[in-house]
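Just my_file28.tsv here, TSV, C-alpha atoms:
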chain	number	residue	atom	x	y	z
H	1	MET	CA	-13.96	12.20	-20.54
H	2	GLN	CA	-10.67	10.99	-21.95
H	3	PHE	CA	-9.08	8.10	-20.06
H	4	ILE	CA	-12.26	7.59	-17.99
H	5	ASP	CA	-15.31	6.93	-20.16
H	6	GLU	CA	-13.58	4.60	-22.58
H	7	PHE	CA	-12.28	2.53	-19.68
H	8	ARG	CA	-15.81	2.22	-18.21
H	9	ASP	CA	-17.54	1.47	-21.51
H	10	PRO	CA	-20.22	-1.24	-20.83
H	11	ASN	CA	-19.79	-2.76	-24.29
H	12	ALA	CA	-16.03	-3.08	-23.82
H	13	VAL	CA	-16.63	-4.64	-20.40
H	14	LYS	CA	-19.07	-7.20	-21.88
H	15	LEU	CA	-16.62	-8.16	-24.62
H	16	LEU	CA	-13.84	-8.68	-22.10
H	17	LEU	CA	-16.08	-10.72	-19.80
H	18	ASN	CA	-17.05	-12.95	-22.74
H	19	LYS	CA	-13.38	-13.42	-23.54
H	20	ILE	CA	-12.54	-14.24	-19.92
H	21	ASN	CA	-15.37	-16.79	-19.74
H	22	ALA	CA	-14.07	-18.44	-22.89
H	23	LEU	CA	-10.42	-18.43	-21.77
H	24	VAL	CA	-11.05	-19.77	-18.28
H	25	LYS	CA	-12.61	-22.90	-19.84
H	26	GLN	CA	-9.21	-23.63	-21.36
H	27	THR	CA	-7.62	-23.83	-17.90
H	28	GLN	CA	-7.82	-26.32	-15.05
H	29	PHE	CA	-9.32	-23.82	-12.60
H	30	THR	CA	-12.71	-24.59	-11.04
H	31	GLN	CA	-15.08	-22.92	-8.61
H	32	ASP	CA	-13.63	-25.04	-5.79
H	33	SER	CA	-10.03	-24.50	-6.92
H	34	PRO	CA	-10.09	-21.05	-8.54
H	35	LEU	CA	-7.38	-18.93	-10.10
H	36	ASN	CA	-6.17	-16.77	-7.19
H	37	ILE	CA	-5.09	-13.33	-8.40
H	38	MET	CA	-3.57	-11.10	-5.74
H	39	GLU	CA	-3.98	-7.39	-6.25
H	40	VAL	CA	-1.03	-5.74	-4.52
H	41	CYS	CA	-2.47	-2.23	-4.44
H	42	GLY	CA	-5.32	-1.14	-2.19
H	43	GLY	CA	-6.55	1.07	-5.04
H	44	HIS	CA	-7.25	-2.09	-7.02
H	45	THR	CA	-9.08	-3.61	-4.05
H	46	HIS	CA	-11.44	-0.67	-3.84
H	47	ALA	CA	-11.95	-0.62	-7.62
H	48	ILE	CA	-12.95	-4.30	-7.54
H	49	PHE	CA	-15.70	-3.58	-5.03
H	50	LYS	CA	-16.71	-0.16	-6.36
H	51	PHE	CA	-17.40	-1.60	-9.82
H	52	GLY	CA	-18.49	-5.07	-8.62
H	53	LEU	CA	-15.85	-6.79	-10.75
H	54	ASP	CA	-15.66	-9.82	-8.50
H	55	ARG	CA	-19.36	-10.43	-9.10
H	56	LEU	CA	-19.03	-10.08	-12.86
H	57	LEU	CA	-16.19	-12.56	-13.22
H	58	PRO	CA	-16.77	-16.32	-13.41
H	59	PRO	CA	-16.42	-18.25	-10.12
H	60	GLU	CA	-13.19	-19.81	-11.39
H	61	ILE	CA	-11.46	-16.46	-10.76
H	62	ASN	CA	-10.87	-15.22	-7.23
H	63	PHE	CA	-9.32	-11.90	-6.23
H	64	ILE	CA	-7.28	-11.95	-3.02
H	65	HIS	CA	-5.98	-8.85	-1.33
H	66	GLY	CA	-2.32	-8.25	-0.64
H	67	PRO	CA	-0.13	-6.00	1.52
H	68	GLY	CA	-0.20	-3.05	-0.88
H	69	CYS	CA	-1.52	-0.42	1.49
H	70	PRO	CA	1.28	1.24	3.48
H	71	VAL	CA	-1.05	2.28	6.27
H	72	CYS	CA	-2.38	-1.28	6.59
H	73	VAL	CA	1.06	-2.74	7.25
H	74	LEU	CA	1.91	-0.05	9.78
H	75	PRO	CA	2.74	-1.85	13.06
H	76	MET	CA	1.10	-0.71	16.28
H	77	GLY	CA	4.44	0.08	17.87
H	78	ARG	CA	5.19	2.66	15.23
H	79	ILE	CA	2.05	4.60	16.11
H	80	ASP	CA	3.22	4.63	19.72
H	81	THR	CA	6.53	6.14	18.60
H	82	CYS	CA	4.57	8.83	16.72
H	83	ILE	CA	2.59	9.59	19.87
H	84	ASP	CA	5.75	9.79	21.99
H	85	ILE	CA	7.19	12.41	19.66
H	86	ALA	CA	3.91	14.33	19.36
H	87	LYS	CA	3.79	14.66	23.15
H	88	LEU	CA	7.22	16.25	23.39
H	89	PRO	CA	7.28	19.98	24.25
H	90	ASP	CA	7.32	22.42	21.33
H	91	VAL	CA	6.69	19.73	18.70
H	92	ILE	CA	4.24	20.04	15.82
H	93	PHE	CA	3.68	16.52	14.46
H	94	CYS	CA	2.56	16.36	10.81
H	95	THR	CA	0.94	13.39	9.12
H	96	PHE	CA	-1.28	12.48	6.22
H	97	GLY	CA	-4.87	11.83	7.23
H	98	ASP	CA	-4.88	8.04	6.76
H	99	ALA	CA	-2.57	7.50	9.74
H	100	MET	CA	-4.66	9.52	12.18
H	101	ARG	CA	-7.07	6.75	13.23
H	102	VAL	CA	-4.69	3.77	13.13
H	103	PRO	CA	-4.67	2.29	16.64
H	104	GLY	CA	-1.50	1.81	18.68
H	105	GLN	CA	-1.23	0.58	22.26
H	106	GLN	CA	-1.38	4.17	23.47
H	107	GLY	CA	-4.39	5.00	21.31
H	108	SER	CA	-4.37	6.83	17.99
H	109	LEU	CA	-2.95	10.10	16.77
H	110	LEU	CA	-6.51	11.40	16.50
H	111	ALA	CA	-7.18	10.63	20.17
H	112	THR	CA	-3.84	12.16	21.13
H	113	ARG	CA	-4.74	15.35	19.29
H	114	GLY	CA	-7.97	15.35	21.27
H	115	GLN	CA	-5.84	15.52	24.41
H	116	GLY	CA	-4.49	18.88	23.26
H	117	TYR	CA	-1.27	17.92	21.50
H	118	ASP	CA	-0.34	19.70	18.26
H	119	ILE	CA	-0.87	17.07	15.54
H	120	ARG	CA	-1.73	18.36	12.10
H	121	ILE	CA	-3.01	16.70	8.92
H	122	ILE	CA	-1.10	17.80	5.85
H	123	TYR	CA	-1.90	17.35	2.17
H	124	SER	CA	1.66	17.73	0.86
H	125	PRO	CA	5.04	17.19	2.54
H	126	LEU	CA	5.81	20.78	1.58
H	127	ASP	CA	3.06	21.86	4.02
H	128	ALA	CA	5.30	20.60	6.83
H	129	LEU	CA	8.24	22.53	5.42
H	130	THR	CA	6.15	25.71	5.36
H	131	LEU	CA	5.24	25.12	9.00
H	132	ALA	CA	8.93	24.81	9.86
H	133	LYS	CA	9.73	28.16	8.25
H	134	ARG	CA	6.80	29.90	9.94
H	135	ASN	CA	7.48	28.41	13.39
H	136	PRO	CA	11.25	28.58	14.02
H	137	GLN	CA	10.68	28.14	17.77
H	138	LYS	CA	8.98	24.77	17.20
H	139	GLN	CA	10.27	21.37	16.06
H	140	ILE	CA	8.32	20.17	13.01
H	141	VAL	CA	8.25	16.38	12.59
H	142	LEU	CA	6.93	14.86	9.37
H	143	PHE	CA	5.66	11.27	9.46
H	144	GLY	CA	7.00	9.87	6.16
H	145	LEU	CA	4.81	6.93	5.20
H	146	GLY	CA	4.34	4.90	2.07
H	147	PHE	CA	5.89	2.81	-0.68
H	148	GLU	CA	8.00	4.16	-3.54
H	149	THR	CA	4.91	6.08	-4.67
H	150	THR	CA	5.30	8.71	-1.96
H	151	MET	CA	9.05	8.57	-1.44
H	152	PRO	CA	10.07	11.03	-4.20
H	153	GLY	CA	7.92	13.85	-2.77
H	154	ILE	CA	9.27	13.28	0.73
H	155	ALA	CA	12.83	13.06	-0.60
H	156	LEU	CA	12.53	16.38	-2.43
H	157	THR	CA	11.17	17.97	0.75
H	158	ILE	CA	14.16	16.73	2.74
H	159	GLN	CA	16.50	18.09	0.08
H	160	GLN	CA	14.81	21.48	0.28
H	161	ALA	CA	15.08	21.48	4.07
H	162	LYS	CA	18.82	20.88	3.71
H	163	GLN	CA	19.24	23.58	1.06
H	164	GLN	CA	17.35	26.04	3.28
H	165	GLN	CA	19.41	24.98	6.33
H	166	LEU	CA	16.33	24.32	8.44
H	167	THR	CA	17.31	22.95	11.84
H	168	ASN	CA	13.76	22.55	13.21
H	169	PHE	CA	12.54	20.04	10.61
H	170	SER	CA	12.89	16.25	10.75
H	171	LEU	CA	11.40	13.05	9.34
H	172	LEU	CA	10.08	9.99	11.14
H	173	CYS	CA	10.76	7.53	8.35
H	174	GLN	CA	8.26	4.73	7.89
H	175	HIS	CA	8.77	4.27	4.18
H	176	ILE	CA	8.71	0.76	2.85
H	177	SER	CA	9.87	-0.86	-0.34
H	178	ILE	CA	7.59	-3.17	-2.31
H	179	ILE	CA	10.12	-5.69	-3.58
H	180	PRO	CA	11.31	-7.04	-0.17
H	181	THR	CA	7.64	-7.27	0.78
H	182	LEU	CA	6.73	-9.40	-2.20
H	183	LYS	CA	9.78	-11.60	-1.67
H	184	ALA	CA	8.76	-12.17	1.95
H	185	LEU	CA	5.16	-12.82	0.96
H	186	LEU	CA	6.13	-15.50	-1.55
H	187	THR	CA	8.13	-17.43	1.06
H	188	LEU	CA	5.32	-17.58	3.63
H	189	PRO	CA	3.67	-20.97	4.25
H	190	ASN	CA	0.11	-21.67	3.07
H	191	ILE	CA	0.19	-18.95	0.43
H	192	LYS	CA	-2.04	-19.65	-2.57
H	193	ILE	CA	-1.22	-17.03	-5.19
H	194	ASP	CA	-1.36	-17.96	-8.86
H	195	ALA	CA	-0.77	-14.49	-10.35
H	196	PHE	CA	-0.38	-10.83	-9.45
H	197	LEU	CA	-2.07	-7.62	-10.52
H	198	GLY	CA	0.92	-5.29	-10.26
H	199	PRO	CA	0.40	-1.89	-8.61
H	200	GLY	CA	-0.12	0.89	-11.16
H	201	HIS	CA	0.92	3.97	-9.20
H	202	LEU	CA	3.99	2.42	-7.57
H	203	SER	CA	5.13	0.95	-10.88
H	204	MET	CA	5.03	4.44	-12.38
H	205	ILE	CA	8.10	5.05	-10.17
H	206	ILE	CA	10.00	1.74	-10.25
H	207	GLY	CA	8.98	0.44	-13.69
H	208	VAL	CA	8.63	-3.18	-14.81
H	209	LYS	CA	12.00	-4.84	-14.27
H	210	PRO	CA	11.97	-5.15	-10.43
H	211	TYR	CA	9.09	-7.66	-10.62
H	212	GLN	CA	10.92	-10.07	-12.89
H	213	PHE	CA	12.03	-12.29	-10.01
H	214	ILE	CA	8.37	-13.29	-9.53
H	215	SER	CA	8.04	-14.68	-13.03
H	216	GLU	CA	11.56	-16.10	-13.20
H	217	ASN	CA	11.85	-17.63	-9.71
H	218	TYR	CA	8.25	-18.42	-8.83
H	219	ALA	CA	6.66	-19.02	-12.27
H	220	LYS	CA	3.78	-16.62	-11.68
H	221	PRO	CA	2.44	-14.02	-14.13
H	222	VAL	CA	2.52	-10.35	-13.16
H	223	VAL	CA	0.42	-7.80	-15.05
H	224	ILE	CA	0.79	-4.15	-14.02
H	225	SER	CA	-2.73	-2.79	-14.24
H	226	GLY	CA	-4.67	0.44	-14.33
H	227	PHE	CA	-7.63	1.03	-12.05
H	228	GLU	CA	-10.65	1.24	-14.34
H	229	PRO	CA	-12.89	-1.76	-15.13
H	230	VAL	CA	-11.54	-2.22	-18.66
H	231	ASP	CA	-7.97	-1.99	-17.33
H	232	MET	CA	-8.49	-4.69	-14.76
H	233	LEU	CA	-10.46	-7.02	-17.01
H	234	GLN	CA	-7.82	-6.64	-19.74
H	235	SER	CA	-5.24	-7.57	-17.11
H	236	VAL	CA	-7.19	-10.71	-16.20
H	237	VAL	CA	-7.26	-11.63	-19.90
H	238	MET	CA	-3.47	-11.14	-20.09
H	239	ILE	CA	-2.97	-13.36	-17.04
H	240	LEU	CA	-5.18	-16.10	-18.47
H	241	MET	CA	-3.37	-15.94	-21.82
H	242	GLN	CA	-0.02	-16.38	-20.05
H	243	LEU	CA	-1.27	-19.36	-18.07
H	244	ILE	CA	-2.80	-21.03	-21.13
H	245	ARG	CA	0.49	-20.58	-22.99
H	246	GLN	CA	2.43	-21.62	-19.86
H	247	GLN	CA	4.30	-18.35	-19.98
H	248	TYR	CA	5.29	-16.47	-16.85
H	249	LEU	CA	6.05	-12.86	-17.70
H	250	VAL	CA	5.86	-9.35	-16.32
H	251	GLU	CA	3.51	-7.42	-18.60
H	252	ASN	CA	2.48	-3.79	-18.53
H	253	GLN	CA	-1.21	-3.17	-19.22
H	254	TYR	CA	-1.00	0.40	-17.83
H	255	ARG	CA	1.28	1.74	-20.56
H	256	ARG	CA	-0.55	5.04	-20.80
H	257	ILE	CA	0.87	5.86	-17.35
H	258	VAL	CA	3.69	3.41	-16.55
H	259	ALA	CA	6.88	3.54	-18.59
H	260	ASP	CA	8.76	0.25	-18.61
H	261	GLN	CA	11.82	1.91	-17.08
H	262	GLY	CA	9.73	3.84	-14.52
H	263	ASN	CA	10.49	7.43	-13.58
H	264	LEU	CA	14.27	7.78	-13.66
H	265	LEU	CA	14.28	11.22	-12.00
H	266	ALA	CA	12.16	9.91	-9.11
H	267	GLN	CA	14.41	6.86	-8.76
H	268	ALA	CA	17.45	9.14	-8.61
H	269	VAL	CA	16.10	11.37	-5.83
H	270	ILE	CA	15.00	8.31	-3.82
H	271	LYS	CA	18.51	6.89	-4.12
H	272	GLN	CA	20.07	10.18	-2.97
H	273	VAL	CA	17.95	10.59	0.17
H	274	PHE	CA	17.04	7.04	1.25
H	275	THR	CA	18.84	3.76	1.63
H	276	LEU	CA	17.66	0.18	2.15
H	277	GLN	CA	19.16	-0.81	5.48
H	278	GLY	CA	18.29	-3.36	8.16
H	279	ASN	CA	15.04	-5.15	8.88
H	280	ASP	CA	11.64	-3.66	9.63
H	281	GLU	CA	8.54	-4.98	11.33
H	282	TRP	CA	5.33	-5.05	9.31
H	283	ARG	CA	1.86	-5.55	10.68
H	284	GLY	CA	0.69	-9.03	9.80
H	285	LEU	CA	3.99	-10.04	8.21
H	286	GLY	CA	6.38	-9.73	11.13
H	287	GLU	CA	9.99	-8.67	10.58
H	288	ILE	CA	11.01	-8.61	6.91
H	289	LEU	CA	14.71	-8.95	6.15
H	290	GLY	CA	16.20	-6.05	4.22
H	291	SER	CA	12.97	-4.06	4.13
H	292	GLY	CA	14.11	-1.16	6.31
H	293	VAL	CA	14.20	2.24	4.60
H	294	ARG	CA	16.40	4.83	6.32
H	295	LEU	CA	17.67	8.28	5.51
H	296	SER	CA	21.02	8.09	3.77
H	297	LYS	CA	24.12	9.23	5.63
H	298	GLU	CA	24.06	12.60	3.82
H	299	TYR	CA	20.60	13.38	5.26
H	300	GLN	CA	20.77	11.73	8.70
H	301	GLU	CA	20.65	15.14	10.39
H	302	PHE	CA	16.90	15.09	9.56
H	303	ASP	CA	16.25	11.71	11.19
H	304	ALA	CA	13.65	12.29	13.93
H	305	GLU	CA	14.51	9.00	15.65
H	306	LEU	CA	18.10	10.13	16.14
H	307	ARG	CA	17.15	13.71	17.02
H	308	PHE	CA	14.66	12.70	19.74
H	309	ASN	CA	16.23	9.36	20.74
H	310	THR	CA	12.90	7.60	20.38
H	311	LYS	CA	11.88	4.36	22.05
H	312	HIS	CA	11.25	1.27	19.92
H	313	TYR	CA	8.00	-0.58	20.54
H	314	SER	CA	7.02	-4.03	19.31
H	315	HIS	CA	3.48	-5.17	20.06
H	316	GLN	CA	1.60	-8.31	19.18
H	317	ASP	CA	-1.60	-7.81	17.23
H	318	ASP	CA	-4.86	-8.74	18.91
H	319	PRO	CA	-5.01	-12.58	18.67
H	320	ASN	CA	-8.67	-12.38	17.72
H	321	ALA	CA	-7.99	-10.16	14.70
H	322	ARG	CA	-7.01	-11.69	11.35
H	323	CYS	CA	-5.26	-8.66	9.84
H	324	GLY	CA	-2.20	-10.72	8.94
H	325	ASP	CA	-4.22	-13.39	7.18
H	326	VAL	CA	-6.10	-10.74	5.16
H	327	LEU	CA	-2.86	-8.97	4.21
H	328	THR	CA	-1.37	-12.20	2.92
H	329	GLY	CA	-4.45	-13.37	1.03
H	330	ARG	CA	-5.14	-16.27	3.39
H	331	SER	CA	-8.46	-14.88	4.52
H	332	LYS	CA	-11.22	-12.56	3.38
H	333	PRO	CA	-12.10	-9.69	5.72
H	334	ILE	CA	-15.59	-11.09	6.33
H	335	ASN	CA	-14.02	-14.29	7.71
H	336	CYS	CA	-12.51	-12.31	10.61
H	337	PRO	CA	-14.66	-12.81	13.74
H	338	LEU	CA	-14.27	-9.12	14.62
H	339	PHE	CA	-15.29	-7.75	11.21
H	340	GLY	CA	-18.32	-5.46	11.34
H	341	LYS	CA	-18.86	-6.28	15.04
H	342	LYS	CA	-16.06	-5.17	17.32
H	343	CYS	CA	-14.04	-3.88	14.37
H	344	THR	CA	-15.74	-1.09	12.42
H	345	PRO	CA	-14.43	2.21	11.00
H	346	GLN	CA	-15.54	3.84	14.25
H	347	SER	CA	-13.90	1.25	16.53
H	348	ALA	CA	-11.15	-0.31	14.47
H	349	TYR	CA	-8.83	-3.01	15.77
H	350	GLY	CA	-6.56	-2.77	12.75
H	351	ALA	CA	-5.45	-0.35	10.06
H	352	LEU	CA	-7.19	-2.34	7.33
H	353	MET	CA	-10.49	-0.97	8.59
H	354	VAL	CA	-9.48	2.69	8.83
H	355	SER	CA	-7.19	3.12	5.83
H	356	SER	CA	-8.86	4.52	2.72
H	357	GLU	CA	-7.14	1.71	0.78
H	358	GLY	CA	-7.71	-1.05	3.34
H	359	ALA	CA	-9.35	-4.31	2.27
H	360	CYS	CA	-11.60	-4.37	5.34
H	361	ALA	CA	-12.68	-0.78	4.67
H	362	ALA	CA	-13.59	-1.78	1.09
H	363	TYR	CA	-15.71	-4.71	2.28
H	364	TYR	CA	-17.35	-2.54	4.94
H	365	GLN	CA	-18.13	0.27	2.49
H	366	TYR	CA	-19.44	-1.79	-0.42
H	367	ARG	CA	-20.63	-5.12	1.01
H	368	GLN	CA	-22.55	-4.35	4.17
H	369	GLY	CA	-25.58	-5.99	2.56
H	370	ASP	CA	-23.71	-9.30	2.59
H	371	LEU	CA	-23.28	-9.00	6.34
H	372	ILE	CA	-26.94	-8.35	6.93
H	373	CYS	CA	-27.80	-11.49	4.99
In structure tokens, how does this file's structure come out?
Amino acid sequence: MQFIDEFRDPNAVKLLLNKINALVKQTQFTQDSPLNIMEVCGGHTHAIFKFGLDRLLPPEINFIHGPGCPVCVLPMGRIDTCIDIAKLPDVIFCTFGDAMRVPGQQGSLLATRGQGYDIRIIYSPLDALTLAKRNPQKQIVLFGLGFETTMPGIALTIQQAKQQQLTNFSLLCQHISIIPTLKALLTLPNIKIDAFLGPGHLSMIIGVKPYQFISENYAKPVVISGFEPVDMLQSVVMILMQLIRQQYLVENQYRRIVADQGNLLAQAVIKQVFTLQGNDEWRGLGEILGSGVRLSKEYQEFDAELRFNTKHYSHQDDPNARCGDVLTGRSKPINCPLFGKKCTPQSAYGALMVSSEGACAAYYQYRQGDLIC
């Protein structure tokens, strides 16, 4: 199968592993002081565990897991705002499935639906628009969640709602932008990141240039990577080559998908509908300056927070949970005292355990044997 088999070819994997083993000997990294590579995308995290890449690599290389899953950085208070809106009369609340089991202080959207409220899982933002046209007596609220990867689809939906003059459709905007997140991450204390695996899907939208501040200001390599074993091992080779040459660049390993300039049409529609404005709270990272994504003035009529005058909640995470440390690469999920005990996919304390891209979910799915030992 084109673009699958050749990127899972065992011989290609062996050759790359041999090259990595040879290159790492040319660096100063050791088993006790390894090269820490943060993968920013949860898709990479799951690929690492699905294919056992961390066990194939030499001990001098350590993957750490970053805040690249939009559901994982969803603060508890935001779920409570969702629940407030969903409980209003004549509201149909629409969300993608990942957000359903994320716990807030009032419970989860899944539990709220169990109480009889009309909360629906959608597979496309256009599903919510269809609901609005079919149910003119109801208010349809779409929970817009995600990085730049999902923003173009939501933006086009909002534009269609405006063109069709729908007055019963609105957006609860929880979109987030990756660049303010990375900037905040790099200024946190006790961060040990030597290099980044750049997110493949998100970079398909924004391109290569926005990451340049990491190489220029922080002297760390960034390699935008695909998600197959050969992709990720090639990316590790590219990182090692940069470090050996003492170069700090943004490189694009995923050229078959990611154009250096990104998707200009998607960037244009994002710019028309959304604007970076104010600060937002992120689970595990606190308030990040300049990370707020709002509807632009032209589309504010579709802002659910303004339409329903919602209440703002700000809750502290459970002090026993280490979600923040996992999201910032300061801890592995299995080092959290709640992991696999009080915190499981069935009784999650944090979104990292229930999100399909969450680091804790990846450990729980692929490494339960480690826990038994």
Do you have, as a tab-separated table, the list of residues of stretch 112-224 of chain H lying at most 12 Å from stretch 236-247 of chain H, each with its nearest atom pair and that distance in Å to one decimal, counting all atoms listed in the file and ordered by chain then number?
residue	atom	partner	partner_atom	distance
H:Asp194	CA	H:Leu243	CA	9.3
H:Ala195	CA	H:Ile239	CA	7.1
H:Phe196	CA	H:Ile239	CA	8.4
H:Leu197	CA	H:Val236	CA	8.2
H:Gly198	CA	H:Ile239	CA	11.2
H:Ser215	CA	H:Gln247	CA	8.7
H:Glu216	CA	H:Gln247	CA	10.2
H:Tyr218	CA	H:Gln247	CA	11.8
H:Ala219	CA	H:Gln247	CA	8.1
H:Lys220	CA	H:Gln247	CA	8.5
H:Pro221	CA	H:Ile239	CA	6.2
H:Val222	CA	H:Ile239	CA	7.4
H:Val223	CA	H:Ile239	CA	6.8
H:Ile224	CA	H:Met238	CA	10.2
Counting only C-alpha atoms, the residue of H:Val293, H:Leu145, H:Leu202, H:Leu182 that sits nearest H:Leu276:
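Of H:Val293, H:Leu145, H:Leu202, H:Leu182, the one nearest H:Leu276 is H:Val293, counting only C-alpha atoms.
Our summary of the geometry notes that atom CA of H:Cys82 is positioned 29.4 Å from atom CA of H:Glu39.
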What separation in Å, quoted to one decimal, exists between atom CA of H:Asn279 and atom CA of H:Leu185?
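Separating atom CA of H:Asn279 from atom CA of H:Leu185 is a distance of 14.8 Å.
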So, with all atoms listed in the file as the atoms that count, which of H:Asp318, H:Glu251, H:Asp303, H:Asp9 lies closest to H:Cys173?
H:Asp303
Excluding same-chain residues fewer than 6 positions from H:Gln365, what lies within 10 Å of it counting all atoms listed in the file, as number ranges by chain?
H: 46, 49-50, 345, 353, 359
Could you tell me how far atom CA of H:Ala268 sits from atom CA of H:Ala132, in Å to one decimal place?
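These two atoms are separated by 25.7 Å.
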Mind giving me the axis-aligned box for stretch 275-285 of chain H with 3 Å on every side, centre plus edges in Å to one decimal, as AutoDock Vina command-line options?
--center_x 9.9 --center_y -3.1 --center_z 6.5 --size_x 24.5 --size_y 19.8 --size_z 15.7
For H:Ile270, please output as number ranges by chain all residues within 9 Å (counting all atoms listed in the file; exclusion window: fewer than 6 positions along the same chain).
H: 148, 151-152, 154-156
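Look at H:Thr45: the protein and nucleic acid residues within 10 Å of it, using all atoms listed in the file and passing over chain neighbours fewer than 2 places away, are Met38, Glu39, Val40, Cys41, Gly42, Gly43, Ala47, Ile48, Phe49, Lys50, Phe63, Ile64, His65, Gly66, Gly68, Cys69, Phe227, Glu357, Gly358, Ala359, Cys360, Ala361, Ala362 and Tyr363 of chain H.
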Could you tell me which of H:Met76, H:Asp127, H:Met232, H:Pro70 comes closest to H:Pro103 if we count all atoms listed in the file?
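Once distances to H:Pro103 are computed over all atoms listed in the file, the minimum belongs to H:Met76.
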Which residues are close to H:Ala12, i.e. within 12 Å by all atoms listed in the file, leaving aside same-chain residues fewer than 2 positions away? Reply as a PDB file with C-alpha atoms, in the frame of the given file.
ATOM      1  CA  ASP H   5     -15.310   6.930 -20.160  1.00  0.00           C
ATOM      2  CA  GLU H   6     -13.580   4.600 -22.580  1.00  0.00           C
ATOM      3  CA  PHE H   7     -12.280   2.530 -19.680  1.00  0.00           C
ATOM      4  CA  ARG H   8     -15.810   2.220 -18.210  1.00  0.00           C
ATOM      5  CA  ASP H   9     -17.540   1.470 -21.510  1.00  0.00           C
ATOM      6  CA  PRO H  10     -20.220  -1.240 -20.830  1.00  0.00           C
ATOM      7  CA  LYS H  14     -19.070  -7.200 -21.880  1.00  0.00           C
ATOM      8  CA  LEU H  15     -16.620  -8.160 -24.620  1.00  0.00           C
ATOM      9  CA  LEU H  16     -13.840  -8.680 -22.100  1.00  0.00           C
ATOM     10  CA  LEU H  17     -16.080 -10.720 -19.800  1.00  0.00           C
ATOM     11  CA  ASN H  18     -17.050 -12.950 -22.740  1.00  0.00           C
ATOM     12  CA  LYS H  19     -13.380 -13.420 -23.540  1.00  0.00           C
ATOM     13  CA  GLU H 228     -10.650   1.240 -14.340  1.00  0.00           C
ATOM     14  CA  PRO H 229     -12.890  -1.760 -15.130  1.00  0.00           C
ATOM     15  CA  VAL H 230     -11.540  -2.220 -18.660  1.00  0.00           C
ATOM     16  CA  ASP H 231      -7.970  -1.990 -17.330  1.00  0.00           C
ATOM     17  CA  MET H 232      -8.490  -4.690 -14.760  1.00  0.00           C
ATOM     18  CA  LEU H 233     -10.460  -7.020 -17.010  1.00  0.00           C
ATOM     19  CA  GLN H 234      -7.820  -6.640 -19.740  1.00  0.00           C
TER      20      GLN H 234
END
Using only C-alpha atoms, the shortest atom-to-atom distance to H:Leu56 among H:Arg367, H:Pro189, H:Ser331, H:Ile20 belongs to H:Ile20
